[in-house]
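In what follows, a structure is listed as C-alpha cells, so that the remarks can point back to it.
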Amino acid sequence: QVQLVESGGGSVLAGGSLRLLCVVSGMDVWGLSMGWFRQAPGKAREGVADVTIDHKTTYGDSVKGRFTISKDSARNALYLQMNSLKPEDSGMYSCAARYSWEREFTLWGQGTQVTVSA
C-alpha cells in the first residue's frame with residue numbers, strides 16, 4: 001500500500017522560503033508521477049507543480065521561477081522548494097502520485113499548511 005506523508009509547512013513572512021517534503025512508502029518514488037497541489041479557503045484546488053516518471057516538470061504560472069519540484073532517491077521522497085513566497089501562496093499543500101497507467105492522481109497525502117504573511 002502506497003502512502004504519502006507531507007511535512008515542512010509553516011508560517012513565514014513574504015519573501016521567505018520553505019521546503020515541503022513528501023515521503024513515499026510502499027513504492028519507489030521513481031516509479032510514480034508526482035505533484036504538489038494547494039487549496040486556499042474558499043478556492044478550488046490548483047496544481048502547483050508536477051514531475052513525470054520520465055522527469056518532465058511542469059509548473060503553475062503563478063509559481064514559475066520561484067518553486068522547484070524534485071525527487072530524492074535517498075529519502076524516497078518528493079520535495080517542493082518554495083522561494084520568494086507571497087501571501088497568495090498560502091494554503092493547504094498536498095502531495096499526490098499516480099502510476100504510469102493512470103491519467104489522474106489517485107494517491108494523496110494528508111496535506112501540510114503554508115501561511116505567508118505580508
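Every chain in the C-alpha cells has a letter given in the order shown (A, B, ...), and although residue numbers restart at 1 in each chain, ligands are simply numbered from 1 in the order shown.
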Restrict the calculation to only C-alpha atoms, then for each residue of stretch 23-83 of chain A with any atom at most 10 Å from an atom of stretch 6-13 of chain A give the closest atom pair and their distance in Å to one decimal, rows by chain and rising residue number, as a tab-separated table.
residue	atom	partner	partner_atom	distance
A:Val23	CA	A:Glu6	CA	6.5
A:Val24	CA	A:Glu6	CA	9.0
A:Ala77	CA	A:Glu6	CA	9.4
A:Leu78	CA	A:Glu6	CA	9.0
A:Tyr79	CA	A:Glu6	CA	9.4
A:Leu80	CA	A:Gly8	CA	9.4
Can those selected residues be exported to a file as a short mmCIF file (atom, residue, chain, number, x, y, z; two decimals), in the first residue's frame so that it contains N, CA, C and O atoms?
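Contents of out-v9.cif, as written:
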data_model
loop_
_atom_site.label_atom_id
_atom_site.label_comp_id
_atom_site.auth_asym_id
_atom_site.auth_seq_id
_atom_site.Cartn_x
_atom_site.Cartn_y
_atom_site.Cartn_z
N VAL A 23 7.22 12.17 1.91
CA VAL A 23 7.88 10.86 1.99
C VAL A 23 6.94 9.78 1.48
O VAL A 23 5.78 9.71 1.90
N VAL A 24 7.44 8.96 0.58
CA VAL A 24 6.64 7.91 -0.05
C VAL A 24 7.03 6.56 0.54
O VAL A 24 8.22 6.23 0.61
N ALA A 77 11.49 10.36 -1.64
CA ALA A 77 10.59 11.46 -1.32
C ALA A 77 10.50 12.46 -2.47
O ALA A 77 11.28 12.43 -3.43
N LEU A 78 9.53 13.33 -2.34
CA LEU A 78 9.31 14.43 -3.27
C LEU A 78 9.48 15.73 -2.50
O LEU A 78 8.98 15.84 -1.38
N TYR A 79 10.17 16.69 -3.10
CA TYR A 79 10.36 17.99 -2.47
C TYR A 79 9.64 19.08 -3.28
O TYR A 79 9.42 18.94 -4.47
N LEU A 80 9.32 20.15 -2.58
CA LEU A 80 8.91 21.38 -3.24
C LEU A 80 9.65 22.52 -2.54
O LEU A 80 9.33 22.86 -1.40
#
Notebook entry, point to check: Where in stretch 22-98 of chain A does DSSP assign helix (DSSP H, G or I), given as a PyMOL selection string?
Noted result: chain A and resi 29-31+87-89
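The environment of A:Ser25 within 8 Å, counting only C-alpha atoms and disregarding residues fewer than 5 places along the same chain, consists of Gln1, Val2, Gln3, Leu4 and Asn76 of chain A.
Between A:Arg66 and the candidates A:Ser17, A:Thr106, A:Gln113, A:Ser33, the tightest atom-to-atom separation, counting only C-alpha atoms, involves A:Ser17.
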Margin query: Show me, as JSON, numbers by chain, the residues that have an atom within 10 Å of A:Glu46 when counting only C-alpha atoms, minus same-chain residues fewer than 3 positions from it.
Written below: {"A": [36, 37, 38, 39, 40, 43, 49, 60, 93]}
Those same residues - C-alpha atoms - I'd like them written as a PDB file, in the first residue's frame.
ATOM      1  CA  TRP A  36       2.031  19.201  -5.451  1.00  0.00           C
ATOM      2  CA  PHE A  37      -1.381  20.813  -5.175  1.00  0.00           C
ATOM      3  CA  ARG A  38      -2.675  23.569  -2.950  1.00  0.00           C
ATOM      4  CA  GLN A  39      -6.025  24.824  -1.786  1.00  0.00           C
ATOM      5  CA  ALA A  40      -6.815  28.098  -0.085  1.00  0.00           C
ATOM      6  CA  LYS A  43     -10.943  28.430  -3.503  1.00  0.00           C
ATOM      7  CA  ALA A  49       3.960  21.581  -9.890  1.00  0.00           C
ATOM      8  CA  GLY A  60       1.724  26.625 -12.478  1.00  0.00           C
ATOM      9  CA  TYR A  93      -0.372  21.874   0.217  1.00  0.00           C
TER      10      TYR A  93
END
Note to self: I need the residue nearest A:Val116 from this list: A:Val29, A:Leu85, A:Val51, A:Leu21. Use only C-alpha atoms for the distance.
What the structure shows: A:Leu85
Can you tell me, as a PDB file with C-alpha atoms, in the first residue's frame, what residues are no more than 10 Å from A:Asp50 when counting only C-alpha atoms, ignoring any on the same chain fewer than 3 positions away?
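Output saved as out02.pdb:
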ATOM      1  CA  SER A  33       4.448  10.595 -11.500  1.00  0.00           C
ATOM      2  CA  MET A  34       4.021  13.037  -8.649  1.00  0.00           C
ATOM      3  CA  GLY A  35       2.781  16.506  -7.971  1.00  0.00           C
ATOM      4  CA  TRP A  36       2.031  19.201  -5.451  1.00  0.00           C
ATOM      5  CA  PHE A  37      -1.381  20.813  -5.175  1.00  0.00           C
ATOM      6  CA  GLY A  47      -1.914  22.259  -9.334  1.00  0.00           C
ATOM      7  CA  HIS A  55      11.463  13.508 -15.265  1.00  0.00           C
ATOM      8  CA  LYS A  56       9.473  16.190 -17.096  1.00  0.00           C
ATOM      9  CA  THR A  57       8.443  19.025 -14.795  1.00  0.00           C
ATOM     10  CA  THR A  58       5.514  21.398 -15.112  1.00  0.00           C
ATOM     11  CA  TYR A  59       4.745  24.465 -13.008  1.00  0.00           C
ATOM     12  CA  GLY A  60       1.724  26.625 -12.478  1.00  0.00           C
ATOM     13  CA  THR A  68      11.206  23.868  -7.741  1.00  0.00           C
ATOM     14  CA  ILE A  69       9.912  20.293  -7.620  1.00  0.00           C
ATOM     15  CA  SER A  70      12.332  17.395  -7.276  1.00  0.00           C
ATOM     16  CA  LEU A  78       9.311  14.431  -3.273  1.00  0.00           C
ATOM     17  CA  LEU A  80       8.908  21.380  -3.239  1.00  0.00           C
ATOM     18  CA  CYS A  95       1.346  15.713  -2.344  1.00  0.00           C
ATOM     19  CA  ALA A  96      -0.148  13.383  -4.957  1.00  0.00           C
ATOM     20  CA  ALA A  97       1.003  10.455  -7.056  1.00  0.00           C
TER      21      ALA A  97
END
Enumerate as an mmCIF file with N, CA and C atoms, in the first residue's frame all residues of stretch 21-80 of chain A assigned to strand (DSSP E or B) by DSSP on the backbone, naming them with the chain letters and numbers the document uses.
data_model
loop_
_atom_site.group_PDB
_atom_site.id
_atom_site.type_symbol
_atom_site.label_atom_id
_atom_site.label_comp_id
_atom_site.auth_asym_id
_atom_site.auth_seq_id
_atom_site.Cartn_x
_atom_site.Cartn_y
_atom_site.Cartn_z
ATOM 1 N N LEU A 21 8.254 18.535 2.086
ATOM 2 C CA LEU A 21 8.735 17.161 1.884
ATOM 3 C C LEU A 21 7.545 16.217 1.857
ATOM 4 N N CYS A 22 7.560 15.271 0.926
ATOM 5 C CA CYS A 22 6.539 14.230 0.850
ATOM 6 C C CYS A 22 7.266 12.889 0.815
ATOM 7 N N VAL A 23 7.223 12.168 1.906
ATOM 8 C CA VAL A 23 7.879 10.863 1.986
ATOM 9 C C VAL A 23 6.935 9.784 1.479
ATOM 10 N N VAL A 24 7.443 8.962 0.580
ATOM 11 C CA VAL A 24 6.644 7.910 -0.045
ATOM 12 C C VAL A 24 7.035 6.558 0.537
ATOM 13 N N SER A 25 6.055 5.777 0.929
ATOM 14 C CA SER A 25 6.300 4.406 1.378
ATOM 15 C C SER A 25 5.462 3.455 0.550
ATOM 16 N N SER A 33 4.549 9.181 -11.180
ATOM 17 C CA SER A 33 4.448 10.595 -11.500
ATOM 18 C C SER A 33 3.874 11.266 -10.261
ATOM 19 N N MET A 34 4.428 12.418 -9.909
ATOM 20 C CA MET A 34 4.021 13.037 -8.649
ATOM 21 C C MET A 34 3.808 14.527 -8.811
ATOM 22 N N GLY A 35 3.045 15.087 -7.887
ATOM 23 C CA GLY A 35 2.781 16.506 -7.971
ATOM 24 C C GLY A 35 2.437 17.109 -6.630
ATOM 25 N N TRP A 36 2.470 18.417 -6.609
ATOM 26 C CA TRP A 36 2.031 19.201 -5.451
ATOM 27 C C TRP A 36 0.820 20.021 -5.860
ATOM 28 N N PHE A 37 -0.166 20.042 -4.987
ATOM 29 C CA PHE A 37 -1.381 20.813 -5.175
ATOM 30 C C PHE A 37 -1.593 21.682 -3.951
ATOM 31 N N ARG A 38 -2.357 22.738 -4.106
ATOM 32 C CA ARG A 38 -2.675 23.569 -2.950
ATOM 33 C C ARG A 38 -4.122 24.030 -3.036
ATOM 34 N N GLN A 39 -4.654 24.324 -1.862
ATOM 35 C CA GLN A 39 -6.025 24.824 -1.786
ATOM 36 C C GLN A 39 -6.122 25.852 -0.683
ATOM 37 N N GLU A 46 -5.669 23.784 -6.794
ATOM 38 C CA GLU A 46 -4.919 24.056 -8.014
ATOM 39 C C GLU A 46 -3.606 23.293 -8.012
ATOM 40 N N GLY A 47 -3.192 22.923 -9.194
ATOM 41 C CA GLY A 47 -1.914 22.259 -9.334
ATOM 42 C C GLY A 47 -0.782 23.262 -9.228
ATOM 43 N N VAL A 48 0.226 22.937 -8.453
ATOM 44 C CA VAL A 48 1.375 23.817 -8.260
ATOM 45 C C VAL A 48 2.529 23.380 -9.164
ATOM 46 N N ALA A 49 2.860 22.114 -9.091
ATOM 47 C CA ALA A 49 3.960 21.581 -9.890
ATOM 48 C C ALA A 49 3.831 20.068 -9.946
ATOM 49 N N ASP A 50 4.361 19.485 -11.021
ATOM 50 C CA ASP A 50 4.390 18.029 -11.089
ATOM 51 C C ASP A 50 5.617 17.567 -11.859
ATOM 52 N N VAL A 51 5.970 16.308 -11.616
ATOM 53 C CA VAL A 51 7.113 15.699 -12.287
ATOM 54 C C VAL A 51 6.712 14.298 -12.713
ATOM 55 N N THR A 57 9.070 18.212 -15.834
ATOM 56 C CA THR A 57 8.443 19.025 -14.795
ATOM 57 C C THR A 57 7.524 20.072 -15.427
ATOM 58 N N THR A 58 6.459 20.365 -14.700
ATOM 59 C CA THR A 58 5.514 21.398 -15.112
ATOM 60 C C THR A 58 5.172 22.231 -13.894
ATOM 61 N N TYR A 59 5.052 23.552 -14.106
ATOM 62 C CA TYR A 59 4.745 24.465 -13.008
ATOM 63 C C TYR A 59 3.538 25.325 -13.340
ATOM 64 N N PHE A 67 9.341 28.311 -7.492
ATOM 65 C CA PHE A 67 9.225 26.981 -6.891
ATOM 66 C C PHE A 67 9.984 25.968 -7.732
ATOM 67 N N THR A 68 10.517 24.945 -7.051
ATOM 68 C CA THR A 68 11.206 23.868 -7.741
ATOM 69 C C THR A 68 10.753 22.530 -7.162
ATOM 70 N N ILE A 69 10.321 21.623 -8.038
ATOM 71 C CA ILE A 69 9.912 20.293 -7.620
ATOM 72 C C ILE A 69 11.035 19.310 -7.942
ATOM 73 N N SER A 70 11.267 18.364 -7.036
ATOM 74 C CA SER A 70 12.332 17.395 -7.276
ATOM 75 C C SER A 70 12.067 16.128 -6.476
ATOM 76 N N LYS A 71 12.674 15.038 -6.944
ATOM 77 C CA LYS A 71 12.591 13.774 -6.235
ATOM 78 C C LYS A 71 13.925 13.490 -5.550
ATOM 79 N N ASP A 72 13.877 12.720 -4.490
ATOM 80 C CA ASP A 72 15.068 12.391 -3.710
ATOM 81 C C ASP A 72 15.124 10.880 -3.529
ATOM 82 N N ALA A 77 11.491 10.363 -1.639
ATOM 83 C CA ALA A 77 10.590 11.463 -1.324
ATOM 84 C C ALA A 77 10.500 12.461 -2.473
ATOM 85 N N LEU A 78 9.532 13.334 -2.337
ATOM 86 C CA LEU A 78 9.311 14.431 -3.273
ATOM 87 C C LEU A 78 9.481 15.731 -2.501
ATOM 88 N N TYR A 79 10.173 16.694 -3.098
ATOM 89 C CA TYR A 79 10.358 17.991 -2.474
ATOM 90 C C TYR A 79 9.644 19.080 -3.277
ATOM 91 N N LEU A 80 9.324 20.153 -2.578
ATOM 92 C CA LEU A 80 8.908 21.380 -3.239
ATOM 93 C C LEU A 80 9.650 22.524 -2.544
#
Item checked: Among the residues A:Ala44, A:Thr52, A:Ala14, A:Leu20, the one that comes closest to A:Arg103 [using only C-alpha atoms] -> A:Thr52
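Residue neighbourhood of A:Trp30, excluding near-sequence residues (fewer than 2 positions): A:Asp28, A:Leu32, A:Ile53, at 7 Å, using only C-alpha atoms.
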Take the residues from that selection and put them in a file with N, CA, C and O atoms, as a PDB file, in the first residue's frame.
ATOM      1  N   ASP A  28       8.619   2.762  -5.035  1.00  0.00           N
ATOM      2  CA  ASP A  28       9.768   3.584  -5.383  1.00  0.00           C
ATOM      3  C   ASP A  28       9.275   4.880  -6.025  1.00  0.00           C
ATOM      4  O   ASP A  28       8.475   4.864  -6.958  1.00  0.00           O
ATOM      5  N   LEU A  32       6.705   6.597 -10.004  1.00  0.00           N
ATOM      6  CA  LEU A  32       5.461   7.348  -9.904  1.00  0.00           C
ATOM      7  C   LEU A  32       5.606   8.714 -10.562  1.00  0.00           C
ATOM      8  O   LEU A  32       6.663   9.339 -10.481  1.00  0.00           O
ATOM      9  N   ILE A  53       7.226  10.408 -14.603  1.00  0.00           N
ATOM     10  CA  ILE A  53       8.162   9.298 -14.452  1.00  0.00           C
ATOM     11  C   ILE A  53       9.416   9.526 -15.286  1.00  0.00           C
ATOM     12  O   ILE A  53      10.521   9.160 -14.876  1.00  0.00           O
TER      13      ILE A  53
END
Check: In Å to one decimal, how far is atom CA of A:Asp89 from atom CA of A:Val114?
Finding: 7.6 Å
Margin query: When you count only C-alpha atoms, which of these residues is closest to A:Glu88: A:Ser73, A:Trp101, A:Thr115, A:Gly65?
Written below: A:Thr115
